[in-house]
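Working notes, beginning with the structure itself.
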Amino acid sequence: MSTENGTLPFEERVGRARAVLPEGLPAAGPGLLVALDIDGTLLSHDQTLTDTVREAVAALHASGAELILSTGRSVQSVVPVAHELGLTQGWAVCSNGAVCIRLDPDAEGGREIT
């Protein structure tokens with residue numbers, strides 16, 4: 001069954017994705033590291049974050065997978081995207097790999113350069 005816009009419900013998409021994983025490859029969960037690009041991947045080309053992407057990131061996070069944002073963006077422009085995704089702790093690789101930050105809600109600006 002598809003939704004009004006022709007996409008499958010989130011649960012069915014996740015189930016289908018798991019069904020095509022190569023044998024022996026773990027489903028999302030503890031011990032899995034997932035690096036996520038921001039521009040053109042998480043955010044569309046018009047800089048919007050869809051509900052589908054938000055739900056997928058939330059499901060990965062809830063599964064216990066370690067999520068890392070990896071982007072060409074500057075440090076200052078990564079934290080707002082992380083927060084929009086519901087990520088307030090963890091890591092991000094910024095400026096095309098030149099800077100790593102630790103997301104920390106208690107740190108100034110919500111992050112610490114490491």
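The chains in the structure tokens are called A, B, ... from first to last as shown; in each chain the residues are counted from 1, and the ligands are counted from 1 in the order shown.
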
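Neighbours of Glu66 in chain A closer than or equal to 7 Å, with only C-alpha atoms counted and sequence neighbours fewer than 5 positions away skipped, come out as A:Leu32, A:Leu33, A:Val34.
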
* To do: DSSP on the backbone, then: every residue of range 53-101 of chain A marked strand (DSSP E), written as number ranges by chain.
  => A: 66-70, 90-94, 99-101

* To do: Could you tell me which of A:Val79, A:Leu85, A:Ala107, A:Asn96 comes closest to Leu60 in chain A if we count only C-alpha atoms?
  =>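 Checking each of A:Val79, A:Leu85, A:Ala107, A:Asn96 against Leu60 in chain A, counting only C-alpha atoms, the winner is A:Leu85.
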
* Name the residues in contact with Ile68 in chain A at a cut-off of 8 Å, using only C-alpha atoms, excluding same-chain residues fewer than 6 positions from it; report them as a ChimeraX atom specification. => /A:33-36,90-93

* Could you check which of A:Ala56, A:Ala62, A:Leu43, A:Leu69 is closest to Leu103 in chain A, using only C-alpha atoms? =>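 The closest residue to Leu103 in chain A is A:Leu69.
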
* Asked: Please, what distance in Å, to one decimal, runs between CA of Asp51 in chain A and CA of Gly97 in chain A?
  ->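 Pair CA of Asp51 in chain A / CA of Gly97 in chain A returns 27.8 Å.
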
* Name the residues in contact with Thr88 in chain A at a cut-off of 7 Å, using only C-alpha atoms, excluding same-chain residues fewer than 2 positions from it; report them as a PyMOL selection string. => chain A and resi 82-83+86+90+103-105

Give me a file of those residues, with all heavy atoms, as a CSV table (one decimal), in the first residue's frame.
chain,number,residue,atom,x,y,z
A,82,ALA,N,22.4,19.6,12.5
A,82,ALA,CA,22.4,18.5,13.4
A,82,ALA,C,21.2,18.6,14.4
A,82,ALA,O,20.5,17.6,14.6
A,82,ALA,CB,23.7,18.4,14.2
A,83,HIS,N,20.9,19.8,14.9
A,83,HIS,CA,19.8,20.0,15.8
A,83,HIS,C,18.5,19.8,15.1
A,83,HIS,O,17.6,19.2,15.7
A,83,HIS,CB,19.9,21.4,16.4
A,83,HIS,CG,21.0,21.5,17.4
A,83,HIS,ND1,21.3,22.6,18.0
A,83,HIS,CD2,21.9,20.6,17.9
A,83,HIS,CE1,22.4,22.5,18.8
A,83,HIS,NE2,22.7,21.2,18.8
A,86,GLY,N,17.6,16.4,15.2
A,86,GLY,CA,17.5,15.8,16.6
A,86,GLY,C,18.8,15.3,17.1
A,86,GLY,O,18.8,14.6,18.1
A,90,GLY,N,27.4,13.6,19.6
A,90,GLY,CA,28.0,12.8,18.6
A,90,GLY,C,29.1,13.6,17.9
A,90,GLY,O,29.7,14.5,18.5
A,103,LEU,N,29.6,17.2,19.0
A,103,LEU,CA,28.4,17.9,19.4
A,103,LEU,C,28.2,17.7,20.8
A,103,LEU,O,28.2,16.6,21.4
A,103,LEU,CB,27.2,17.3,18.6
A,103,LEU,CG,27.3,17.4,17.0
A,103,LEU,CD1,26.2,16.6,16.4
A,103,LEU,CD2,27.2,18.9,16.6
A,104,ASP,N,27.9,18.8,21.5
A,104,ASP,CA,27.7,18.8,23.0
A,104,ASP,C,26.8,19.9,23.4
A,104,ASP,O,27.2,21.1,23.2
A,104,ASP,CB,29.1,18.9,23.7
A,104,ASP,CG,29.0,18.9,25.2
A,104,ASP,OD1,27.9,18.9,25.7
A,104,ASP,OD2,30.1,18.9,25.8
A,105,PRO,N,25.6,19.6,23.9
A,105,PRO,CA,24.7,20.6,24.2
A,105,PRO,C,25.1,21.6,25.3
A,105,PRO,O,24.7,22.7,25.4
A,105,PRO,CB,23.4,19.9,24.6
A,105,PRO,CG,23.9,18.5,25.0
A,105,PRO,CD,25.1,18.3,24.2

* Asked: Of the candidates A:His61, A:Val99, A:Gln47, A:Thr52, which one gets nearest to Ser74 in chain A if we count only C-alpha atoms?
  -> A:Val99
